[in-house]
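These notes concern the structure reproduced below.
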Amino acid sequence: MASKISQSDLSLKEACEAGNLPAVAAKLQATLHSLENVRLDIGITGGTGSGKSTFVNAIRGLGDEDPNSACTGVVEMTMDPMPYPHPKYPNVIVWDLPGIGTPAFPADKYLERVLLGRFDFLIIVSSERFTANLARLARGVLQQGKRFYFTRSKVDVDMAASRSRRPRTFSEEGVLSQIRDDCRQRLEAEGLKDPKVYLLSMFELGKYDFCLLEESMVKEVESHKRHALLAALPNISRPILDKKADSLRQHIWLVATVACGVNPSPVPGVQDVACDLYRLIRSMEGYRRSFGLDEDSLVKLAEQTGQPLYNILGAVQGPMTNVTKALVVDLLGQASRNAYAFTQELLNVPVLGALATCGISFAAVYQVLRSSLDVAIKDAQSVLAQAFLDNSDYELLESPNQ
C-alpha cells in the first residue's frame, strides 16, 4: 500500500490545488471500504476432542457459554464445517471444522470435504500426540499452497498433572520443553521438516505461546488482510497492541481524506471546517472497539482475569460509551484553533503535505483522529497492565521472543 500512496502523492497535490479533493476522496473511499470489510477465513481443525471448538470461542474473545459460541464437549461436537463470525468484526470468520479421521471425514478425503480453498490459513490443534493423520493433513495443506500452524492444546492440564506427580522436582520450563520436543520429534518422524509447534491453554490464552502464534499469523497473512486480522485478535499482549496501533496510525490520513472529501457538511460552531461527522464518530468508536475498550469487553476481561471490575475501569481515561456528536464537534473546535501550526507540520510529510494544502478541515480532522487514537492506545496499555497485574507471565506478554 505504501508504494501506491507515494505514487499518488503528485495526483493528490494536483487535485487539491485544483479544488478537486472530492474526486480523489471518492476513489479512496473504495480503498477504505475494502480495507475495513475484506473477508478473512480461518479454519480450526485437528483431532477429535482436542479443544478446537473452545479455541474457536477463545480467539473470538468468547467463553464456551456465551451467546454465539461454538458448541463444546468431551466428545466430537462438530459434524460439519461451521462458520462463526467474529462478534465485532463479522468479516472475520473462524471455522470450526470436524475432527480428521472420523467416519464422515476420513483422512484421505478430509481436505476435499472441508473445501480447503476457502480458508486463508488453518490452525491444527492437538491435545496429545501429533498423529499420522495430522501430519498427513499438514502435508496436504502445504501441497495446496496454504499456510497452517501446529498448536498443542491443554498444556495447563499437563502442567497440573506434572505438578501433582512431582511436587518437589516440578519445573514448568522443563515440562514445556519436554512437550515441545515430543511434538517436534513426532512430526519430523512423519516427514515434516523443522515443524514449529505453539503450546496453548485455551482457558488462559495469555500463557505459553499464544502471543507468539499471534505474531506469526500477523506477519504471514496476506498484506491486504493484515488490518482485519489485527483488529479481531484478542488484546492480551503488548506486541499485538503495538501492531494494532501502527496499522491504525497508517490509515488516519485515509479516513481523514474521506471524511473531508465525501459528503462533507459545515461543522456547527467551528469556522471553516467541513467534514462527515458520522465518519469521524465511527472511526473513533472503532479505535476503542479494536482495543477492547468498550464496556462489554472490559467487563469480560475482568471476568477472565479475575481482576476487580473497578480496577479495570479505572485504567480507562477515554469514553467507554458511544462517542457523541457533541464531543466530536468540541474536539474539532479545539483542533481548528491549532490548525495553522498543525498544517505546517503536515506539509513536510509525503501525501499529508498535499492534503494539508486543501484547507484547515483536513488538518483539524487528522489531528482529532490522531489524538483520539493516542488516547485509545494509552488506555489499552493501561488496561493490559492492570488486567495482568498479578500474573507472573506478564513480562512474557511484553516480550514474547525472550
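Starting from 1 in every chain, residues are counted up; chains themselves are A, B, ... following the order of the C-alpha cells, and ligands are numbered from 1 as listed.
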Exercise. Pick out the residues sitting within 10 Å of stretch 305-308 of chain A, and hand them over as a ChimeraX atom specification; count only C-alpha atoms, and ignore anything fewer than 3 positions along from it in its own chain.
Key: /A:204,206,299-302,311-313,386-391
| Hey, what's within 9 Å of stretch 290-294 of chain A if we count only C-alpha atoms and toss same-chain stuff fewer than 2 positions away? As a PyMOL selection string, please? | chain A and resi 88+230-235+241+244-245+285-288+296-299+301+316+318-322+376-377+379-380+383
For those residues, write N, CA and C atoms to a file as a PDB file, in the first residue's frame.
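Once written, result-v3.pdb looks like this:
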ATOM      1  N   LYS A  88     -17.436  -8.751  16.802  1.00  0.00           N
ATOM      2  CA  LYS A  88     -17.254  -7.330  16.490  1.00  0.00           C
ATOM      3  C   LYS A  88     -16.916  -7.091  15.023  1.00  0.00           C
ATOM      4  N   LEU A 230      -5.553  -8.111  12.597  1.00  0.00           N
ATOM      5  CA  LEU A 230      -5.111  -7.376  13.790  1.00  0.00           C
ATOM      6  C   LEU A 230      -6.293  -6.855  14.597  1.00  0.00           C
ATOM      7  N   ALA A 231      -7.270  -6.296  13.911  1.00  0.00           N
ATOM      8  CA  ALA A 231      -8.426  -5.736  14.613  1.00  0.00           C
ATOM      9  C   ALA A 231      -9.139  -6.801  15.435  1.00  0.00           C
ATOM     10  N   ALA A 232      -9.199  -8.030  14.903  1.00  0.00           N
ATOM     11  CA  ALA A 232     -10.001  -9.078  15.534  1.00  0.00           C
ATOM     12  C   ALA A 232      -9.258  -9.858  16.620  1.00  0.00           C
ATOM     13  N   LEU A 233      -7.935  -9.766  16.671  1.00  0.00           N
ATOM     14  CA  LEU A 233      -7.180 -10.580  17.631  1.00  0.00           C
ATOM     15  C   LEU A 233      -7.388 -10.102  19.067  1.00  0.00           C
ATOM     16  N   PRO A 234      -7.388 -11.034  20.033  1.00  0.00           N
ATOM     17  CA  PRO A 234      -7.522 -10.650  21.446  1.00  0.00           C
ATOM     18  C   PRO A 234      -6.385  -9.732  21.884  1.00  0.00           C
ATOM     19  N   ASN A 235      -6.708  -8.790  22.753  1.00  0.00           N
ATOM     20  CA  ASN A 235      -5.732  -7.791  23.210  1.00  0.00           C
ATOM     21  C   ASN A 235      -5.022  -8.283  24.467  1.00  0.00           C
ATOM     22  N   LEU A 241      -0.797  -5.148  20.677  1.00  0.00           N
ATOM     23  CA  LEU A 241      -1.318  -3.788  20.828  1.00  0.00           C
ATOM     24  C   LEU A 241      -0.514  -2.810  19.969  1.00  0.00           C
ATOM     25  N   LYS A 244      -1.402  -3.250  16.302  1.00  0.00           N
ATOM     26  CA  LYS A 244      -2.712  -2.644  16.021  1.00  0.00           C
ATOM     27  C   LYS A 244      -2.569  -1.134  15.912  1.00  0.00           C
ATOM     28  N   ALA A 245      -1.831  -0.559  16.841  1.00  0.00           N
ATOM     29  CA  ALA A 245      -1.648   0.896  16.842  1.00  0.00           C
ATOM     30  C   ALA A 245      -0.984   1.361  15.555  1.00  0.00           C
ATOM     31  N   GLU A 285     -15.012   5.420  17.499  1.00  0.00           N
ATOM     32  CA  GLU A 285     -15.554   4.275  18.222  1.00  0.00           C
ATOM     33  C   GLU A 285     -14.834   2.993  17.802  1.00  0.00           C
ATOM     34  N   GLY A 286     -14.453   2.933  16.520  1.00  0.00           N
ATOM     35  CA  GLY A 286     -13.730   1.768  16.025  1.00  0.00           C
ATOM     36  C   GLY A 286     -12.374   1.596  16.694  1.00  0.00           C
ATOM     37  N   TYR A 287     -11.680   2.699  16.968  1.00  0.00           N
ATOM     38  CA  TYR A 287     -10.398   2.613  17.667  1.00  0.00           C
ATOM     39  C   TYR A 287     -10.581   1.927  19.025  1.00  0.00           C
ATOM     40  N   ARG A 288     -11.592   2.354  19.757  1.00  0.00           N
ATOM     41  CA  ARG A 288     -11.775   1.835  21.112  1.00  0.00           C
ATOM     42  C   ARG A 288     -12.288   0.386  21.072  1.00  0.00           C
ATOM     43  N   ASP A 296     -18.602  -3.670  27.400  1.00  0.00           N
ATOM     44  CA  ASP A 296     -18.803  -5.123  27.390  1.00  0.00           C
ATOM     45  C   ASP A 296     -17.475  -5.868  27.404  1.00  0.00           C
ATOM     46  N   SER A 297     -16.518  -5.400  26.620  1.00  0.00           N
ATOM     47  CA  SER A 297     -15.211  -6.054  26.561  1.00  0.00           C
ATOM     48  C   SER A 297     -14.461  -5.923  27.881  1.00  0.00           C
ATOM     49  N   LEU A 298     -14.580  -4.771  28.524  1.00  0.00           N
ATOM     50  CA  LEU A 298     -13.890  -4.564  29.800  1.00  0.00           C
ATOM     51  C   LEU A 298     -14.485  -5.450  30.893  1.00  0.00           C
ATOM     52  N   VAL A 299     -15.811  -5.603  30.894  1.00  0.00           N
ATOM     53  CA  VAL A 299     -16.460  -6.485  31.863  1.00  0.00           C
ATOM     54  C   VAL A 299     -15.991  -7.921  31.662  1.00  0.00           C
ATOM     55  N   LEU A 301     -13.200  -8.918  30.260  1.00  0.00           N
ATOM     56  CA  LEU A 301     -11.789  -9.010  30.624  1.00  0.00           C
ATOM     57  C   LEU A 301     -11.630  -9.176  32.133  1.00  0.00           C
ATOM     58  N   VAL A 316      -9.058   3.307  32.449  1.00  0.00           N
ATOM     59  CA  VAL A 316      -9.520   3.912  31.195  1.00  0.00           C
ATOM     60  C   VAL A 316      -9.778   5.405  31.397  1.00  0.00           C
ATOM     61  N   GLY A 318     -10.382   7.505  28.416  1.00  0.00           N
ATOM     62  CA  GLY A 318     -11.263   7.926  27.330  1.00  0.00           C
ATOM     63  C   GLY A 318     -12.686   7.433  27.533  1.00  0.00           C
ATOM     64  N   PRO A 319     -13.586   7.737  26.596  1.00  0.00           N
ATOM     65  CA  PRO A 319     -15.002   7.364  26.736  1.00  0.00           C
ATOM     66  C   PRO A 319     -15.206   5.856  26.610  1.00  0.00           C
ATOM     67  N   MET A 320     -16.046   5.278  27.486  1.00  0.00           N
ATOM     68  CA  MET A 320     -16.400   3.859  27.388  1.00  0.00           C
ATOM     69  C   MET A 320     -17.771   3.690  26.741  1.00  0.00           C
ATOM     70  N   THR A 321     -18.502   4.791  26.645  1.00  0.00           N
ATOM     71  CA  THR A 321     -19.807   4.753  25.980  1.00  0.00           C
ATOM     72  C   THR A 321     -19.636   5.262  24.550  1.00  0.00           C
ATOM     73  N   ASN A 322     -20.736   5.406  23.840  1.00  0.00           N
ATOM     74  CA  ASN A 322     -20.669   5.858  22.458  1.00  0.00           C
ATOM     75  C   ASN A 322     -20.058   7.250  22.354  1.00  0.00           C
ATOM     76  N   ALA A 376      -6.707   6.102  22.970  1.00  0.00           N
ATOM     77  CA  ALA A 376      -7.121   4.700  22.982  1.00  0.00           C
ATOM     78  C   ALA A 376      -5.926   3.776  23.197  1.00  0.00           C
ATOM     79  N   ILE A 377      -4.801   4.086  22.556  1.00  0.00           N
ATOM     80  CA  ILE A 377      -3.594   3.264  22.713  1.00  0.00           C
ATOM     81  C   ILE A 377      -3.116   3.295  24.157  1.00  0.00           C
ATOM     82  N   ASP A 379      -4.874   3.970  26.826  1.00  0.00           N
ATOM     83  CA  ASP A 379      -5.846   3.248  27.645  1.00  0.00           C
ATOM     84  C   ASP A 379      -5.656   1.743  27.519  1.00  0.00           C
ATOM     85  N   ALA A 380      -5.431   1.264  26.302  1.00  0.00           N
ATOM     86  CA  ALA A 380      -5.262  -0.173  26.080  1.00  0.00           C
ATOM     87  C   ALA A 380      -4.027  -0.697  26.805  1.00  0.00           C
ATOM     88  N   VAL A 383      -4.926  -0.797  30.545  1.00  0.00           N
ATOM     89  CA  VAL A 383      -5.841  -1.907  30.842  1.00  0.00           C
ATOM     90  C   VAL A 383      -5.099  -3.228  30.820  1.00  0.00           C
TER      91      VAL A 383
END
The distance between atom CA of A:Thr31 and atom CA of A:Arg370 is 19.8 Å
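Closest approach to A:Val258 from the set A:Ile123, A:Asp242, A:Leu277, A:His86 is made by A:Leu277, with distances taken over only C-alpha atoms.
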Can I get the residues of stretch 116-157 of chain A within 12 Å of stretch 51-58 of chain A, each with the closest pair of atoms and their distance in Å to one decimal, using only C-alpha atoms, sorted chain first then ascending number, as CSV?
residue,atom,partner,partner_atom,distance
A:Leu122,CA,A:Lys52,CA,11.6
A:Ile123,CA,A:Lys52,CA,9.1
A:Ile124,CA,A:Lys52,CA,8.5
A:Val125,CA,A:Lys52,CA,6.3
A:Ser126,CA,A:Gly51,CA,7.8
A:Ser127,CA,A:Gly51,CA,7.1
A:Glu128,CA,A:Gly51,CA,10.8
A:Thr151,CA,A:Lys52,CA,10.2
A:Arg152,CA,A:Gly51,CA,9.7
A:Ser153,CA,A:Gly51,CA,6.9
A:Lys154,CA,A:Gly51,CA,7.7
A:Val155,CA,A:Gly51,CA,11.3
For stretch 178-182 of chain A: contacts at 8 Å, only C-alpha atoms, fewer than 2 positions along chain excluded, given as a CSV table (one decimal) with C-alpha atoms, in the first residue's frame:
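So out-v2.csv came out as:
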chain,number,residue,atom,x,y,z
A,129,ARG,CA,0.5,-36.6,20.5
A,174,GLY,CA,11.1,-28.4,31.9
A,175,VAL,CA,7.6,-29.7,31.1
A,176,LEU,CA,7.2,-27.1,28.3
A,184,ARG,CA,8.6,-31.9,17.0
A,185,GLN,CA,10.1,-35.4,17.0
A,186,ARG,CA,6.8,-37.0,16.1
A,197,VAL,CA,4.6,-26.0,17.5
A,199,LEU,CA,1.8,-24.5,23.2
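Proximity ranking of A:Ala315, A:Ala26, A:Ala363, A:Met284 relative to A:Arg337 places A:Ala363 first, based on only C-alpha atoms.
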Expressed in Å, the length from atom CA of A:Phe121 to atom CA of A:Gly43 is 6.4 Å
| request: Can you check which residues of stretch 234-340 of chain A DSSP gives as alpha helix (DSSP H) on the backbone and send them as a VMD selection string? | output: chain A and resid 238 to 250 252 to 261 277 to 290 295 to 305 309 to 314 325 to 337 339 to 340
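Nearest to A:Thr131 of all the residues A:Asp276, A:Ala23, A:Arg249, A:Gly46 is A:Gly46, counting only C-alpha atoms.
The coordinates place atom CA of A:Val273 at 6.5 Å from atom CA of A:Ile360.
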Just want the 12 Å neighbourhood of A:Arg113, counted on only C-alpha atoms, with same-chain residues fewer than 3 positions away dropped. Output as an NGL selection string. :A and (79-81 or 97-101 or 104-110 or 116-118)
